[in-house]
>>> print(open('my_file.txt').read())   # compact mmCIF, C-alpha atoms and all ligand atoms
# COMPACT_ATOMS: atom_id res chain seq x y z
CA MET J 1 58.62 144.11 125.26
CA THR J 2 58.72 144.52 121.50
CA LEU J 3 61.42 146.51 119.86
CA THR J 4 61.56 148.52 116.65
CA MET J 5 64.81 149.51 115.00
CA ASN J 6 65.92 151.09 111.76
CA TYR J 7 68.71 149.48 109.78
CA CYS J 8 70.21 151.26 106.83
CA TYR J 9 71.83 149.61 103.79
CA ARG J 10 73.18 150.63 100.40
CA LEU J 11 70.99 149.55 97.51
CA TYR J 12 72.31 148.72 94.05
CA PRO J 13 69.57 148.90 91.42
CA ASP J 14 70.45 148.21 87.78
CA ALA J 15 69.90 150.95 85.18
CA ILE J 16 66.32 149.95 84.42
CA GLN J 17 65.35 149.63 88.08
CA GLU J 18 66.93 152.99 88.77
CA GLN J 19 64.90 154.59 85.97
CA THR J 20 61.72 152.98 87.30
CA MET J 21 62.30 154.21 90.84
CA LEU J 22 63.17 157.72 89.67
CA HIS J 23 59.93 157.66 87.70
CA TRP J 24 58.03 156.65 90.86
CA LEU J 25 59.62 159.44 92.85
CA GLU J 26 58.50 161.86 90.17
CA ILE J 27 54.94 160.48 90.22
CA SER J 28 54.78 160.73 93.99
CA ARG J 29 56.08 164.28 93.77
CA LYS J 30 53.20 165.11 91.45
CA VAL J 31 50.69 163.44 93.75
CA TYR J 32 52.15 165.34 96.68
CA ASN J 33 51.88 168.65 94.88
CA TYR J 34 48.38 167.92 93.63
CA ALA J 35 47.16 167.03 97.11
CA LEU J 36 48.87 170.11 98.52
CA ARG J 37 47.16 172.23 95.84
CA GLU J 38 43.79 170.90 97.04
CA ILE J 39 44.58 171.84 100.63
CA LYS J 40 45.84 175.28 99.63
CA ASP J 41 42.79 175.99 97.51
CA TRP J 42 40.51 174.97 100.31
CA VAL J 43 42.37 177.18 102.79
CA ASN J 44 42.38 180.14 100.40
CA SER J 45 38.67 179.76 99.70
CA ARG J 46 38.04 180.16 103.44
CA LYS J 47 40.15 183.28 103.52
CA CYS J 48 37.70 185.23 101.32
CA SER J 49 36.53 188.31 103.12
CA LEU J 50 32.86 188.54 103.96
CA ASP J 51 31.78 191.68 102.15
CA TYR J 52 33.55 191.30 98.85
CA CYS J 53 35.42 188.73 96.85
CA SER J 54 38.70 189.63 95.27
CA LEU J 55 39.16 188.58 91.69
CA GLU J 56 42.02 186.22 92.40
CA ARG J 57 40.35 184.60 95.34
CA GLU J 58 37.06 183.83 93.75
CA TYR J 59 37.20 180.11 94.05
CA ILE J 60 34.51 177.81 92.90
CA ILE J 61 34.78 175.71 96.01
CA PRO J 62 31.38 175.57 97.68
CA ALA J 63 31.32 176.70 101.27
CA ASP J 64 30.20 173.35 102.57
CA LYS J 65 32.92 171.39 100.89
CA PRO J 66 34.79 169.50 103.60
CA PHE J 67 38.51 169.93 104.19
CA PRO J 68 40.51 167.49 102.05
CA THR J 69 41.57 165.10 104.80
CA TYR J 70 44.00 162.24 104.45
CA TYR J 71 41.17 159.78 104.04
CA ASN J 72 39.36 161.89 101.44
CA GLN J 73 42.49 162.29 99.40
CA GLN J 74 43.58 158.71 99.75
CA ASN J 75 40.16 157.46 98.75
CA ALA J 76 40.26 159.70 95.70
CA LEU J 77 43.34 157.89 94.43
CA PRO J 78 41.61 154.98 92.63
CA GLN J 79 39.38 157.42 90.73
CA ALA J 80 42.37 159.61 89.89
CA LYS J 81 44.15 156.58 88.53
CA LYS J 82 41.39 156.07 85.96
CA GLU J 83 41.74 159.66 84.81
CA PHE J 84 45.53 159.74 84.87
CA PRO J 85 46.91 156.34 83.85
CA LEU J 86 50.37 157.59 84.77
CA LEU J 87 49.52 157.16 88.45
CA ALA J 88 48.98 153.44 87.99
CA GLU J 89 52.64 153.07 87.06
CA ALA J 90 53.72 153.56 90.67
CA PRO J 91 52.77 151.16 93.47
CA SER J 92 49.58 152.43 95.09
CA GLN J 93 50.96 151.94 98.61
CA VAL J 94 53.76 154.35 97.82
CA LEU J 95 51.29 157.01 96.69
CA GLN J 96 49.17 156.51 99.79
CA THR J 97 52.13 157.00 102.09
CA THR J 98 53.08 160.09 100.10
CA ILE J 99 49.69 161.59 100.93
CA ARG J 100 50.14 160.47 104.52
CA ARG J 101 53.44 162.33 104.56
CA LEU J 102 51.81 165.52 103.30
CA HIS J 103 49.20 165.32 106.04
CA ASP J 104 51.86 164.70 108.66
CA ALA J 105 53.57 167.87 107.44
CA TRP J 106 50.22 169.67 107.48
CA ASN J 107 49.41 168.55 111.02
CA TYR J 108 52.86 169.56 112.16
CA PHE J 109 52.29 172.99 110.62
CA GLN J 110 48.94 173.28 112.43
CA HIS J 111 50.62 172.28 115.64
CA ARG J 112 53.53 174.70 115.36
CA GLY J 113 51.78 177.55 113.60
CA PHE J 114 54.45 178.00 110.96
CA GLY J 115 56.08 176.00 108.19
CA PHE J 116 53.26 175.60 105.68
CA PRO J 117 54.07 172.57 103.52
CA ARG J 118 55.73 173.58 100.26
CA PHE J 119 55.43 172.37 96.75
CA LYS J 120 58.25 170.09 95.80
CA LYS J 121 60.30 171.05 92.79
CA PHE J 122 61.63 168.58 90.27
CA GLY J 123 64.04 166.22 91.99
CA GLN J 124 63.07 167.27 95.49
CA MET J 125 61.11 164.13 96.27
CA LYS J 126 63.90 161.95 97.56
CA SER J 127 62.31 159.06 99.33
CA MET J 128 59.36 156.73 99.19
CA LEU J 129 57.92 154.34 101.68
CA PHE J 130 56.73 150.79 101.18
CA PRO J 131 54.56 150.46 104.28
CA GLN J 132 53.97 146.73 104.52
CA PHE J 133 55.11 143.35 103.34
CA LYS J 134 53.30 140.05 103.34
CA THR J 135 56.49 138.06 103.15
CA ASN J 136 60.06 138.88 104.07
CA PRO J 137 61.46 141.05 101.25
CA ILE J 138 65.04 140.07 102.08
CA THR J 139 66.43 136.91 100.55
CA GLY J 140 70.15 136.29 100.75
CA TRP J 141 71.83 139.47 99.57
CA GLN J 142 68.83 140.88 97.79
CA ILE J 143 65.73 142.84 98.58
CA ALA J 144 62.53 142.36 96.58
CA LEU J 145 60.33 145.42 96.16
CA PRO J 146 56.93 145.44 94.44
CA LYS J 147 57.08 145.92 90.68
CA VAL J 148 60.86 146.42 90.39
CA GLY J 149 61.79 142.99 91.69
CA LYS J 150 65.03 141.97 93.32
CA MET J 151 67.94 144.32 93.88
CA PRO J 152 71.26 143.62 95.58
CA ILE J 153 71.77 145.31 98.93
CA ASN J 154 74.86 145.56 101.05
CA LEU J 155 73.66 143.51 104.00
CA HIS J 156 76.70 144.29 106.09
CA ARG J 157 74.75 143.84 109.31
CA PRO J 158 72.44 140.83 109.30
CA ILE J 159 68.91 141.31 110.53
CA PRO J 160 68.84 139.94 114.08
CA GLU J 161 67.01 136.74 114.75
CA GLY J 162 63.38 137.16 115.75
CA PHE J 163 63.02 140.40 113.79
CA VAL J 164 60.68 140.95 110.87
CA VAL J 165 60.88 143.67 108.23
CA LYS J 166 57.87 145.94 108.66
CA GLN J 167 58.56 148.86 106.36
CA VAL J 168 61.08 149.80 103.73
CA ARG J 169 61.95 153.37 102.87
CA VAL J 170 63.96 153.86 99.70
CA LEU J 171 66.16 156.94 99.70
CA ARG J 172 67.91 158.70 96.89
CA LYS J 173 71.06 160.20 98.34
CA ALA J 174 72.99 162.24 95.82
CA ASP J 175 74.04 159.59 93.30
CA ARG J 176 73.40 156.67 95.63
CA TRP J 177 70.42 154.65 96.74
CA GLU J 178 69.78 153.47 100.25
CA VAL J 179 67.10 151.50 102.01
CA VAL J 180 66.03 151.99 105.60
CA LEU J 181 64.44 148.85 106.95
CA THR J 182 62.16 149.24 109.92
CA ILE J 183 62.43 145.96 111.74
CA LYS J 184 60.38 144.81 114.67
CA SER J 185 60.89 141.97 117.06
CA GLU J 186 58.03 139.53 116.93
CA VAL J 187 59.08 137.53 119.93
CA SER J 188 58.70 139.51 123.09
CA ILE J 189 61.89 139.49 125.11
CA PRO J 190 61.21 138.69 128.74
CA ILE J 191 62.55 141.31 131.11
CA ALA J 192 65.58 139.91 132.88
CA GLN J 193 65.32 139.51 136.62
CA PRO J 194 68.19 140.89 138.65
CA HIS J 195 70.77 138.22 139.31
CA GLY J 196 74.50 137.77 139.68
CA GLU J 197 77.01 140.57 140.15
CA ALA J 198 76.14 144.20 139.60
CA ILE J 199 78.30 146.88 137.98
CA GLY J 200 77.76 150.60 138.11
CA ILE J 201 78.86 152.72 135.17
CA ASP J 202 79.87 156.36 135.35
CA LEU J 203 79.98 158.31 132.10
CA GLY J 204 82.54 161.03 132.04
CA LEU J 205 84.12 163.70 129.95
CA GLU J 206 87.72 162.81 130.56
CA LYS J 207 87.29 159.08 130.14
CA PHE J 208 84.36 157.72 128.21
CA LEU J 209 83.28 155.56 131.11
CA THR J 210 84.41 154.01 134.35
CA THR J 211 82.96 150.87 135.88
CA SER J 212 82.69 150.01 139.55
CA ASP J 213 84.95 147.00 138.95
CA ARG J 214 87.74 149.38 138.02
CA GLU J 215 87.66 149.31 134.29
CA PHE J 216 88.50 152.61 132.65
CA ILE J 217 87.45 153.03 129.04
CA ALA J 218 89.08 155.94 127.26
CA ARG J 219 87.49 157.87 124.47
CA PRO J 220 88.71 156.14 121.32
CA ARG J 221 91.64 157.84 119.61
CA PHE J 222 90.48 156.96 116.12
CA LEU J 223 87.38 159.08 116.65
CA THR J 224 89.50 162.07 117.60
CA SER J 225 91.60 161.70 114.48
CA LEU J 226 88.48 161.28 112.36
CA TYR J 227 87.17 164.56 113.76
CA ARG J 228 90.42 166.22 112.81
CA GLU J 229 90.06 164.93 109.29
CA LEU J 230 86.50 166.20 109.19
CA GLU J 231 87.66 169.63 110.27
CA LEU J 232 90.16 169.71 107.41
CA LEU J 233 87.43 168.79 104.95
CA GLN J 234 85.17 171.50 106.31
CA ARG J 235 87.95 174.04 105.96
CA LYS J 236 88.44 172.91 102.41
CA TYR J 237 84.72 173.40 101.82
CA ALA J 238 84.83 176.91 103.22
CA ARG J 239 87.53 177.82 100.69
CA THR J 240 85.51 176.71 97.65
CA LYS J 241 83.63 179.23 95.55
CA LYS J 242 79.91 179.51 96.08
CA GLY J 243 77.92 177.83 93.35
CA SER J 244 80.95 176.06 91.90
CA LYS J 245 80.99 172.42 90.89
CA ASN J 246 83.88 171.84 93.22
CA ARG J 247 81.83 173.15 96.16
CA GLN J 248 79.13 170.61 95.41
CA LYS J 249 81.71 167.88 95.25
CA VAL J 250 83.29 168.79 98.58
CA ARG J 251 79.89 169.18 100.20
CA LYS J 252 79.13 165.60 99.24
CA GLN J 253 82.46 164.50 100.72
CA VAL J 254 81.68 166.27 104.00
CA ALA J 255 78.24 164.65 104.20
CA ARG J 256 79.70 161.23 103.54
CA PHE J 257 82.36 161.74 106.15
CA HIS J 258 79.81 162.71 108.78
CA ASN J 259 77.94 159.56 107.95
CA HIS J 260 81.12 157.53 108.20
CA ILE J 261 81.98 158.92 111.64
CA ALA J 262 78.48 158.17 112.92
CA ASN J 263 78.81 154.58 111.74
CA VAL J 264 82.25 154.09 113.24
CA ARG J 265 81.12 155.52 116.56
CA LYS J 266 78.03 153.37 116.70
CA ASP J 267 80.04 150.29 115.89
CA TRP J 268 82.50 151.04 118.68
CA GLN J 269 79.66 151.65 121.13
CA PHE J 270 78.04 148.36 120.19
CA LYS J 271 81.24 146.47 120.86
CA LEU J 272 81.73 148.24 124.18
CA ALA J 273 78.14 147.50 125.25
CA ASN J 274 78.61 143.86 124.36
CA HIS J 275 81.81 143.74 126.34
CA LEU J 276 80.16 145.23 129.43
CA CYS J 277 77.16 142.92 129.32
CA THR J 278 79.15 139.73 128.83
CA LYS J 279 81.58 140.16 131.70
CA GLU J 280 82.01 137.10 133.86
CA GLY J 281 79.19 136.82 136.38
CA ILE J 282 77.55 140.16 135.55
CA GLY J 283 73.77 140.07 135.78
CA ILE J 284 72.96 143.70 136.55
CA VAL J 285 74.08 146.85 134.78
CA LEU J 286 73.39 150.17 136.46
CA VAL J 287 73.86 153.55 134.82
CA GLU J 288 73.12 157.19 135.54
CA ASP J 289 69.77 158.40 134.33
CA LEU J 290 71.29 161.21 132.33
CA ASN J 291 69.26 164.16 131.45
CA LEU J 292 71.25 164.96 128.39
CA LYS J 293 69.66 168.32 127.85
CA ALA J 294 70.91 169.55 131.15
CA MET J 295 74.40 168.23 130.54
CA SER J 296 74.80 169.64 127.09
CA ARG J 297 74.44 173.19 128.31
CA GLY J 298 77.37 175.54 128.50
CA MET J 299 80.97 174.50 128.30
CA LEU J 300 80.33 170.81 128.38
CA ARG J 301 78.21 170.94 125.27
CA LYS J 302 80.67 169.99 122.60
CA HIS J 303 82.23 167.08 124.40
CA THR J 304 78.95 165.73 125.62
CA GLN J 305 77.41 165.69 122.22
CA ASP J 306 80.49 164.12 120.75
CA ALA J 307 80.35 161.40 123.29
CA ALA J 308 76.77 160.69 122.33
CA PHE J 309 76.00 159.32 125.75
CA GLY J 310 72.29 159.15 125.10
CA GLN J 311 72.76 156.90 122.12
CA PHE J 312 75.17 154.74 124.04
CA LEU J 313 72.82 154.22 126.97
CA ASN J 314 69.95 153.22 124.69
CA LEU J 315 72.23 150.83 122.92
CA LEU J 316 73.48 149.42 126.21
CA GLU J 317 69.92 148.86 127.37
CA TRP J 318 69.14 146.93 124.24
CA VAL J 319 72.31 144.83 124.38
CA ALA J 320 71.70 144.09 128.07
CA LYS J 321 68.21 142.82 127.30
CA LYS J 322 69.60 140.63 124.59
CA HIS J 323 72.02 139.05 127.04
CA GLN J 324 69.37 138.70 129.74
CA VAL J 325 71.18 141.21 131.90
CA TYR J 326 69.08 143.41 134.15
CA PHE J 327 69.45 147.08 133.23
CA ALA J 328 68.39 150.09 135.30
CA ARG J 329 68.97 153.81 135.39
CA VAL J 330 69.48 155.54 138.71
CA ASN J 331 69.27 159.07 139.99
CA PRO J 332 72.47 160.85 138.88
CA ASP J 333 72.18 163.58 141.47
CA ARG J 334 75.52 164.27 143.14
CA THR J 335 77.15 160.95 142.35
CA SER J 336 80.51 162.64 142.45
CA GLN J 337 79.89 164.32 145.80
CA THR J 338 79.17 161.25 147.85
CA CYS J 339 81.53 158.78 149.46
CA PRO J 340 80.72 155.24 148.35
CA LYS J 341 82.19 153.74 151.51
CA CYS J 342 80.39 155.72 154.19
CA GLY J 343 77.75 157.72 152.32
CA THR J 344 79.07 161.08 153.53
CA HIS J 345 78.46 164.08 151.38
CA THR J 346 81.97 165.23 150.47
CA GLY J 347 81.15 168.53 148.85
CA LYS J 348 81.57 169.65 145.31
CA LYS J 349 84.65 168.59 143.40
CA GLU J 350 86.20 170.83 140.82
CA LEU J 351 86.53 169.25 137.38
CA SER J 352 90.30 169.27 137.82
CA GLU J 353 90.10 167.29 141.05
CA ARG J 354 90.73 163.74 139.93
CA MET J 355 90.71 161.93 143.26
CA HIS J 356 88.01 161.15 145.76
CA ARG J 357 89.24 161.59 149.32
CA CYS J 358 86.78 161.12 152.14
CA GLY J 359 87.35 163.16 155.28
CA GLU J 360 85.10 160.87 157.33
CA CYS J 361 86.36 157.37 156.60
CA GLY J 362 89.56 158.11 154.71
CA TYR J 363 88.52 156.22 151.56
CA GLU J 364 90.60 157.19 148.57
CA THR J 365 90.05 156.24 144.97
CA ASP J 366 89.75 157.69 141.50
CA ARG J 367 86.98 160.24 141.31
CA ASP J 368 85.13 158.54 138.46
CA HIS J 369 85.53 155.15 140.08
CA ALA J 370 83.96 156.49 143.28
CA ALA J 371 81.04 157.83 141.24
CA SER J 372 80.51 154.47 139.56
CA GLU J 373 80.49 152.76 142.96
CA VAL J 374 77.86 155.23 144.16
CA ILE J 375 75.78 154.46 141.06
CA ARG J 376 76.08 150.75 141.74
CA LEU J 377 74.99 151.11 145.36
CA ARG J 378 72.09 153.37 144.47
CA GLY J 379 70.93 150.91 141.86
CA LEU J 380 71.03 148.06 144.33
CA GLU J 381 69.11 150.16 146.80
CA GLN J 382 66.55 150.97 144.16
CA LEU J 383 66.13 147.25 143.57
CA SER J 384 65.74 146.48 147.25
CA THR J 385 63.11 149.17 147.74
CA GLN J 386 61.26 147.88 144.71
CA GLY J 387 61.18 144.53 146.42
CA LEU J 388 62.95 142.82 143.57
CA TRP J 389 66.04 142.13 145.51
CA GLY J 390 66.30 140.26 148.76
CA ILE J 391 69.46 141.77 150.21
CA GLU J 392 68.96 144.55 152.71
CA ASN J 393 71.20 147.45 151.96
CA ALA J 394 71.95 150.12 154.50
CA TYR J 395 73.15 152.66 152.00
CA ALA J 396 71.80 155.98 153.16
CA VAL J 397 71.93 158.47 150.32
CA GLY J 398 68.60 159.92 149.19
CA LEU J 399 66.68 157.24 147.41
CA PRO J 400 66.46 157.59 143.68
CA GLY J 401 62.97 157.73 142.29
CA THR J 402 61.36 158.92 145.48
CA GLU J 403 61.37 162.52 144.43
CA GLU J 404 61.43 164.28 141.12
CA THR J 405 64.86 165.55 140.22
CA PRO J 406 64.44 167.28 136.89
CA SER J 407 68.12 167.35 136.13
CA ARG J 408 71.54 167.74 137.54
CA SER J 409 71.81 171.44 137.14
CA GLU J 410 68.22 172.32 137.86
CA ALA J 411 68.01 170.33 141.03
CA LYS J 412 67.97 172.59 144.03
CA PRO J 413 70.29 171.77 146.85
CA ARG J 414 68.41 169.90 149.52
CA LYS J 415 69.31 168.97 153.01
CA ARG J 416 69.89 165.30 153.20
CA LYS J 417 70.15 163.04 156.13
CA THR J 418 73.43 161.25 156.07
CA ARG J 419 74.25 158.56 158.49
CA ASN J 420 77.00 156.05 158.59
CA ALA J 421 76.11 152.92 156.77
CA LYS J 422 77.41 149.48 157.35
CA LEU J 423 78.41 147.81 154.15
ZN ZN O 501 83.80 158.03 153.41
>>> encode(input="my_file.txt", output="structure tokens")
Amino acid sequence: MTLTMNYCYRLYPDAIQEQTMLHWLEISRKVYNYALREIKDWVNSRKCSLDYCSLEREYIIPADKPFPTYYNQQNALPQAKKEFPLLAEAPSQVLQTTIRRLHDAWNYFQHRGFGFPRFKKFGQMKSMLFPQFKTNPITGWQIALPKVGKMPINLHRPIPEGFVVKQVRVLRKADRWEVVLTIKSEVSIPIAQPHGEAIGIDLGLEKFLTTSDREFIARPRFLTSLYRELELLQRKYARTKKGSKNRQKVRKQVARFHNHIANVRKDWQFKLANHLCTKEGIGIVLVEDLNLKAMSRGMLRKHTQDAAFGQFLNLLEWVAKKHQVYFARVNPDRTSQTCPKCGTHTGKKELSERMHRCGECGYETDRDHAASEVIRLRGLEQLSTQGLWGIENAYAVGLPGTEETPSRSEAKPRKRKTRNAKL
């Protein structure tokens, strides 16, 4: 398994480097617009009606001229450079990827049927891509880019061992510069075999998560207070006058704050994932296979999106792999309606019902804890049916993965066989 990730850092060019990069952005804007002009002209020339030609639309493009594809336009670059020496001032790779970007936008437009690519006005080209590097551009606290040389970056998160920088995108964000490094693992990480103890994890709205070994992780308070602060800022923004300098200023503050919250949340999730995967004796982590789309419908939307469960699960998967912990997702269907002790279907619980009480075997525990136990058992069962796991497990709830369950809410109620299981 190889892995690709994007890491984002602040970049601190000096005044000359900043001027150079702004100049490049401007050149790539011109290339973008020129290439778009070619496409537009070609399209308009095809639009000419058959019986007459309007004065404006009388293009000199011959009918057999091929569509300006990415390759045509990219191959025209060296020739264009001879005619316009200005183009040679920017790295040619950057210009190539600019054309690539236009054609991606064009293809997307073709695919969707709307959103014709637009000309970019002065200052609207805000990023450029350096698509490949022969040697690692990062040395110490600096990044070396072609033609501008070394610039300090804020390498607050070191690039993990075994990863190589593949691409660098330089972004102009308001008055700041950022780089997004696309890093790829060169060493393939072997998939961990199931071993040791297993924990099941239930993600919830009241608590962030509950594990089958009775750990309850609350939603962090600092996030809640950050949201409150964000709300205040947004209210402040709403009070500013349209078009005023102050509005621009506050808008920037709001954007930065959003960014800050996302970083804080990700950091917290990383720590939590690390904690879960490094528990004593844990070799298997089992989670619900959440269909986030289904969950974020209706009243649960806001909370669910805040919790960013999807991001957390992806992160957890990655951290688990790093620690050689086996990670699997299991069918989330009715985890809260099943008794983990006897497998009986206990019927739907209201959201306010916090306890699991089984009428069959009398098992009582916290509702979320019961769900996490069910997830754990289902995961183990999944392993045993896959033949990866030697222990026979008599758990009798419908096997995950044997039938398609599109999502929690879309799944139709089915009759299930329930029988008492010996555990
Ligand atoms: Zn029971």
>>> closest_residue(input="my_file.txt", among="J:His156, J:Arg46, J:Thr20, J:Glu353", to="Pro91 (chain J)", atoms="only C-alpha atoms")
J:Thr20
>>> closest_atom_pairs(input="my_file.txt", of="chain J", to="ligand ZN 501 (chain O)", cutoff="10 Å", atoms="all atoms listed in the file", output="CSV")
residue,atom,partner,partner_atom,distance
J:Thr338,CA,O:ZN501,ZN,7.9
J:Cys339,CA,O:ZN501,ZN,4.6
J:Pro340,CA,O:ZN501,ZN,6.5
J:Lys341,CA,O:ZN501,ZN,5.0
J:Cys342,CA,O:ZN501,ZN,4.2
J:Gly343,CA,O:ZN501,ZN,6.2
J:Thr344,CA,O:ZN501,ZN,5.6
J:His345,CA,O:ZN501,ZN,8.3
J:Thr346,CA,O:ZN501,ZN,8.0
J:His356,CA,O:ZN501,ZN,9.3
J:Arg357,CA,O:ZN501,ZN,7.7
J:Cys358,CA,O:ZN501,ZN,4.5
J:Gly359,CA,O:ZN501,ZN,6.5
J:Glu360,CA,O:ZN501,ZN,5.0
J:Cys361,CA,O:ZN501,ZN,4.1
J:Gly362,CA,O:ZN501,ZN,5.9
J:Tyr363,CA,O:ZN501,ZN,5.4
J:Glu364,CA,O:ZN501,ZN,8.4
J:Asn420,CA,O:ZN501,ZN,8.8
J:Ala421,CA,O:ZN501,ZN,9.8
>>> closest_residue(input="my_file.txt", among="J:Leu36, J:Asp202, J:Tyr9, J:His23", to="Ile138 (chain J)", atoms="only C-alpha atoms")
J:Tyr9
>>> closest_residue(input="my_file.txt", among="J:Asp175, J:Phe222, J:Trp318, J:Ala238", to="Arg256 (chain J)", atoms="all atoms listed in the file")
J:Asp175
>>> atom_distance(input="my_file.txt", atom1="CA of Lys150 (chain J)", atom2="CA of Ile16 (chain J)")
12.0 Å
>>> decode(input="my_file.txt", residues="region 180-237 of chain J", atoms="C-alpha atoms", output="CSV table (one decimal), in the first residue's frame")
chain,number,residue,atom,x,y,z
J,180,VAL,CA,1.2,22.4,-0.2
J,181,LEU,CA,3.5,19.5,-0.4
J,182,THR,CA,2.2,16.3,-1.9
J,183,ILE,CA,4.1,13.6,-0.2
J,184,LYS,CA,4.1,9.9,-1.1
J,185,SER,CA,5.3,6.9,0.8
J,186,GLU,CA,8.0,5.1,-1.2
J,187,VAL,CA,8.1,2.1,1.1
J,188,SER,CA,5.0,0.1,0.9
J,189,ILE,CA,3.6,-0.6,4.4
J,190,PRO,CA,2.7,-4.2,4.8
J,191,ILE,CA,-1.0,-4.7,5.9
J,192,ALA,CA,-1.0,-5.7,9.5
J,193,GLN,CA,-2.4,-9.2,10.3
J,194,PRO,CA,-5.0,-9.3,13.0
J,195,HIS,CA,-3.4,-10.1,16.3
J,196,GLY,CA,-3.8,-9.3,20.0
J,197,GLU,CA,-6.9,-7.7,21.6
J,198,ALA,CA,-9.6,-6.1,19.6
J,199,ILE,CA,-11.5,-2.9,20.4
J,200,GLY,CA,-14.8,-1.7,18.8
J,201,ILE,CA,-15.4,2.0,18.5
J,202,ASP,CA,-18.8,3.6,18.3
J,203,LEU,CA,-19.0,7.2,17.1
J,204,GLY,CA,-21.7,9.2,18.6
J,205,LEU,CA,-23.3,12.6,18.8
J,206,GLU,CA,-23.4,13.0,22.5
J,207,LYS,CA,-19.9,11.7,23.1
J,208,PHE,CA,-17.4,11.8,20.4
J,209,LEU,CA,-16.7,8.1,20.7
J,210,THR,CA,-17.0,5.1,23.0
J,211,THR,CA,-14.8,2.1,23.0
J,212,SER,CA,-15.7,-1.5,23.9
J,213,ASP,CA,-13.2,-1.4,26.7
J,214,ARG,CA,-15.3,1.3,28.4
J,215,GLU,CA,-13.4,4.4,27.4
J,216,PHE,CA,-15.7,7.4,26.8
J,217,ILE,CA,-14.2,10.3,24.8
J,218,ALA,CA,-16.1,13.5,25.1
J,219,ARG,CA,-16.2,16.1,22.4
J,220,PRO,CA,-13.5,18.5,23.2
J,221,ARG,CA,-14.6,21.7,25.0
J,222,PHE,CA,-12.0,23.9,23.4
J,223,LEU,CA,-13.6,23.2,20.0
J,224,THR,CA,-17.0,24.3,21.3
J,225,SER,CA,-15.6,27.6,22.6
J,226,LEU,CA,-13.7,28.1,19.4
J,227,TYR,CA,-17.0,27.8,17.5
J,228,ARG,CA,-18.5,30.3,19.8
J,229,GLU,CA,-15.7,32.7,19.0
J,230,LEU,CA,-16.2,32.1,15.3
J,231,GLU,CA,-19.8,32.9,15.6
J,232,LEU,CA,-19.0,36.2,17.2
J,233,LEU,CA,-16.6,37.0,14.4
J,234,GLN,CA,-19.2,36.1,11.8
J,235,ARG,CA,-21.7,38.4,13.5
J,236,LYS,CA,-19.1,41.2,13.5
J,237,TYR,CA,-18.7,40.6,9.8
